[in-house]
Each structure stands twice: as structure tokens, then as C-alpha cells.
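This report concerns only the one structure given below.
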Amino acid sequence: MLRYDVIVIGGGIVGLSTAYALTRRSPGTTVAVCEKETSWSAHQTGRNSGVIHSGLYYRPGSLKARFAVEGARRMREFCTEHGIPHEVTGKLVVATDPSELGRMKELFQRGEANGVPVRELTPDQIRDHEPNVRAIAGLHVGTTGIVDYAAVSRTLVDLLHRHGVSLRTGAGVTSLAVHPREVVVQTRLGEVRGRVVVNCAGLYSDRIAAMAARAEGGEPPPVRIVPFRGEYHELAPHRRGLVRGLVYPVPDPAFPFLGVHLTRGIRGDVHVGPNAVLALRREGYAWTQADPRELAATLTYPGMWHIARRHWRYGAGEMLRSLAKPAFTRAVQRMLPAVTADDLVRAPAGVRAQAVRPDGELVDDFLFTGGERIVNVLNAPSPAATASLPIGEEIADRVLDRLAGLP
């Protein structure tokens, strides 16, 4: 019988960071990580644009703001310590229309409140940074960087091996049962037992939370995960010189996505995107990848009806940019006029696990729930990769508090 103090469900960067924090905060605590895929960080962690976010966008006082600012610093230190390639590039946030100037000013004030080094730029100063970008005003953020988060995850896996953590791939969870002194977790590799379970299952975190609630006799999760696919292009190799670093538009505060942006990666490639469309399954990375039952569950969820009613114009525009390359190209040309459709090559997509409340509210901050023996991480979108080390410590502290109170 395999028994542990803690079982972490989910082998993305948040789950791995949680296990890592437990080994550092409480040496001797026995930990297992169960991942349903045969590799680590196969979904959100391994399919993002690799940005180390500064903390500019997030509401002052929120978990996102606190963890992003601290997480960016900690991620840079971690990469330096372990020889992981990364770079502090800084980034531009640019306004291309006068209607965006008020939101840009608010963004500047938010950055200052969060302790982010941000300064305002004139059009001439923007051209000094990015000669091919057109804008009427901009912000420069000095602490933004780039890294390969899959490489960070591989390093965490190596460190966990050294600390004796049981790392189990191919161990998708099929059921949970809570007993007086332990939780029994059935996986596709067999049964494991733990005193406390951590749910870091990302796109399926609400499903695991629902299992846990039934097992504990508690309330069902207060949110449903709605999957939004982020579709990327990249600049053809001979056109990568159009972009030197990272260039973002002024975000629309009515929607939790940052809009189409330009990101030079750690290997020199330049990602363009993403747009955001409803995925036809939770791990649906293309229009051809659909699951009728998962899609039906999403479309019949009341929160999805509210989203559709409030944001149908935004959604229609995203759909058009997904299906019609000229429309996507025009969106990019607002910032980068020299780009053409021929310069843009399809790149791998990602899927964001967005927690949505029944009234259609898109959860804007990290969200933790749980009972005596369960900790659920129900919302951990961007900047979760940036903030993964302090998020892991926050979760570890919650776990250790529960362990201390158990018989």
C-alpha cells in the first residue's frame, strides 16, 4: 500500500512547485505527485509564450499582484541558480488609438501601486525601442523577462527526485474517497493514500474538486472551468527582425485576456497572439479536437450563457480572427504595420483554464478552496507560471496547517 503525507494531483508547474515547497518547508514530509499524462507540464505550462510577467496588470492587493511581483524576482533567481536560460528584456505596452489613453494611465498607476518599475514613453521613445511599432503613447516595464517554463518544470522534477518525492506519470485520477484518517485516491496506476490531497489539476480542477466535495460531504465547487483556446502565429524566420522584444496592447478591462501581442522567445522566435476562442474540449488545441460531452457541459452551464450574452461582440471578433487570417493580420497591423499575412505562420495553441461563476463572472484572481483534507487550486491562469514558486509556498503552508491539525 502506497501511503504519503501529501498527494499532489497535477504535474504542471504549480503542482511541481507545491511539492518542491513542501520538501523545503517541511523536510521529511512524504509527497507523491500524480500526473495523468506520460510527461510533465504537457498542457498550460508547456504551451504558453514563456513570459516572466512583472505584475503590471493586476489589481493592487490581489494575490495575482503580490505573487507576480515576488514570483518574477524568484523565477529569475531560480533560473540563475540552476542555469536555466532566461533573459530580462523589459516590454512595451502601447496605445494605438486615443480611446486607449485613459486605460493606459490607469495601468501606469496600477503598476506604480504594485511596485513595478514602469515609465511613460513618447512615440519617438517607442521607436527607439521598437522601430517598426506604431503607437501614439506607451509604457516601458523594466522587469518583464522570458524563459522556457517547460525547462523550469524539468529542473523542478530533477530536484523532487533528489528529495525523494514519488513522481507518477500516467496516473490519472478516477475517484477519491475520504476516510477518518486518510484520503484514498484511485489512479490508472493503482491506489495511493494520503493524509492531505492537493488538487492542481488545471483544466480538470473543478472535476477533481467535485469528486472531493462528494467524498467529504461538502459543497460543490463554486465555479466551473471554461476552456478558452489561445491561438498563436509566429513570424517567419526572415521577418523576426521586425520585433526586438515584447510588445503588448492596452488590455480591455472587460475581458481577462491581454489581446494580440508580440513576444520574442528565449530561442529567438517571435510569437504573435493569442486570440481567444471557446475550445471544443478542455484540451482542444484545434477546431478539429472536440468532445461532444465536454462541449455540451460547457454550453449548458448558466455561467456560459451569461458570458455569451455580455461578450458576444468580443467573441465574434475573436472567432473571425481565428477562422480568417486576414482579420488576424489586421489586428497585428495595428501595432506592427509592416507585417503581412505571408509573414505569419501557425504556431502551437494553448488552452486557458478559466474559472467562471454561475452568474458569468470570470474569476480574476487565484482561487483556493477545500476542506479538512483537501486543498483545491481552482483558478491559476496567467501569471501562474511566473508566480509558481510563491504560489507553491502558499499552497504548502495551507497543507502544513491542515496536517498539523489532523490526528
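Naming works like this for the C-alpha cells: A, B, ... for the chains as they're shown, residue 1 at the start of each chain, ligands 1 onward in shown order.
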
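Near Val375 (chain A), within 10 Å and counting only C-alpha atoms, sit Val8, Val196, Val197, Val198, Asn199, Cys200, Ala209, Ala212, Phe368, Thr369, Gly370, Gly371, Glu372, Leu378, Ile395, Ala396, Arg398, Val399 and Arg402 of chain A, not including residues fewer than 3 positions from it in the same chain.
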
Go through region 209-299 of chain A and flag each residue having an atom no more than 12 Å from region 47-60 of chain A; for those, report the closest pair of atoms plus their distance in Å to one decimal, using only C-alpha atoms, ordered by chain and rising number, as a tab-separated table.
residue	atom	partner	partner_atom	distance
A:Arg229	CA	A:Arg47	CA	10.7
A:Gly230	CA	A:Asn48	CA	8.9
A:Glu231	CA	A:Asn48	CA	10.4
A:Tyr232	CA	A:Ser49	CA	9.0
A:His233	CA	A:Ser49	CA	11.1
A:Glu234	CA	A:Ser49	CA	10.8
A:Gly245	CA	A:Val51	CA	11.0
A:Leu246	CA	A:Val51	CA	8.9
A:Val247	CA	A:Val51	CA	11.5
A:Tyr248	CA	A:Tyr57	CA	11.5
A:Pro249	CA	A:Tyr57	CA	11.8
A:Val250	CA	A:Tyr57	CA	9.9
A:Pro251	CA	A:Tyr57	CA	8.6
A:Asp252	CA	A:Tyr57	CA	10.9
A:Pro253	CA	A:Tyr57	CA	9.6
A:Pro256	CA	A:Tyr57	CA	10.3
A:Phe257	CA	A:Tyr57	CA	10.8
A:Leu258	CA	A:Tyr57	CA	9.3
A:Val260	CA	A:Ser49	CA	11.9
A:His261	CA	A:Ser49	CA	10.2
A:Leu262	CA	A:Ser49	CA	9.7
A:Thr263	CA	A:Ser49	CA	7.1
A:Arg264	CA	A:Ser49	CA	8.8
A:Gly265	CA	A:Gly50	CA	6.8
A:Ile266	CA	A:Gly50	CA	7.8
A:Arg267	CA	A:Gly50	CA	10.6
A:Gly268	CA	A:Gly50	CA	11.9
A:Asp269	CA	A:Ser49	CA	10.4
A:Val270	CA	A:Ser49	CA	9.4
A:His271	CA	A:Ser49	CA	7.1
A:Val272	CA	A:Ser49	CA	9.3
A:Gly273	CA	A:Ser49	CA	9.1
A:Pro274	CA	A:Ser49	CA	9.1
A:Glu283	CA	A:Arg47	CA	11.3
A:Tyr285	CA	A:Arg47	CA	9.9

Could you save those same residues with C-alpha atoms as a compact mmCIF listing (two decimals), in the first residue's frame?
# COMPACT_ATOMS: atom_id res chain seq x y z
CA ARG A 229 -8.08 28.28 -26.68
CA GLY A 230 -5.33 30.81 -27.34
CA GLU A 231 -4.22 30.56 -30.96
CA TYR A 232 -0.74 31.77 -31.88
CA HIS A 233 1.12 32.56 -35.04
CA GLU A 234 4.82 33.27 -35.25
CA GLY A 245 11.41 42.31 -27.66
CA LEU A 246 7.90 42.20 -26.16
CA VAL A 247 5.09 44.50 -27.32
CA TYR A 248 1.58 44.42 -25.82
CA PRO A 249 -1.61 46.40 -26.50
CA VAL A 250 -3.54 48.21 -23.78
CA PRO A 251 -5.80 45.44 -22.38
CA ASP A 252 -9.58 45.65 -22.35
CA PRO A 253 -10.61 45.59 -18.66
CA PRO A 256 -9.41 38.77 -18.83
CA PHE A 257 -7.24 38.35 -21.94
CA LEU A 258 -4.42 40.67 -22.93
CA VAL A 260 -2.83 40.04 -29.57
CA HIS A 261 0.76 40.81 -28.60
CA LEU A 262 4.30 40.26 -29.89
CA THR A 263 6.70 38.11 -27.86
CA ARG A 264 10.31 37.31 -28.74
CA GLY A 265 11.05 33.95 -27.14
CA ILE A 266 14.17 32.64 -25.47
CA ARG A 267 15.19 30.87 -28.72
CA GLY A 268 14.74 33.97 -30.88
CA ASP A 269 11.36 33.03 -32.33
CA VAL A 270 8.63 35.71 -32.25
CA HIS A 271 5.14 34.65 -31.16
CA VAL A 272 2.17 36.69 -32.34
CA GLY A 273 -1.11 36.28 -30.47
CA PRO A 274 -3.05 34.82 -28.89
CA GLU A 283 -7.72 20.01 -24.04
CA TYR A 285 -5.91 22.71 -29.22

Non-local contacts of region 117-126 of chain A (8 Å; only C-alpha atoms; under 6 positions in same chain excluded) as JSON, numbers by chain: {"A": [92, 108, 111, 133, 134, 135, 136, 137, 138, 139, 140, 141, 142, 143]}

DSSP-assigned strand (DSSP E) among region 241-390 of chain A, expressed as an MDAnalysis selection string: chainID A and resid 246:249 261:264 270:278 344:346 350:356 367:369 374:379

Gap from CA of Gly392 (chain A) to CA of Ser17 (chain A) - Å, one decimal: 4.8 Å

Residue with smallest distance to Val351 (chain A) - pool A:Tyr4, A:Trp40, A:Phe78, A:Phe228, counting only C-alpha atoms: A:Phe228

Residue contacts of Glu37 (chain A) (12 Å, only C-alpha atoms) excluding same-chain residues fewer than 5 positions away, as a PyMOL selection string: chain A and resi 9-12+42-43+167-173+187-189+201+283

Option closest in space to Ala276 (chain A), from A:Asp397, A:Glu87, A:Glu100, A:Glu318 [counting only C-alpha atoms]: A:Glu318

Selection: 7 Å around Gly303 (chain A), only C-alpha atoms, excl. self and same-chain fewer than 2 positions, as a VMD selection string: chain A and resid 301 305 to 307 356 to 360

DSSP-assigned helix (DSSP H, G or I) among region 123-246 of chain A, expressed as number ranges by chain: A: 123-129, 149-162, 202-216, 237-242

Å distance separating CA of Ser99 (chain A) from CA of Met304 (chain A), one decimal place: 29.0 Å

Distance query Glu294 (chain A) at most 12 Å, only C-alpha atoms, self and fewer than 2 positions along chain excluded, as a ChimeraX atom specification: /A:203-204,207,224-227,278-284,289-292,296-301

Residues near Thr340 (chain A), cut-off 9 Å, only C-alpha atoms, skip fewer than 4 positions along chain, as number ranges by chain: A: 326, 329-330, 333, 344

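Picture a line from CA of Leu367 (chain A) to CA of Leu63 (chain A); it runs 9.0 Å.
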
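The closest residue to Val6 (chain A), picked from A:Thr29, A:Asp364, A:Thr144, A:Thr155 and counting only C-alpha atoms, is A:Thr29.
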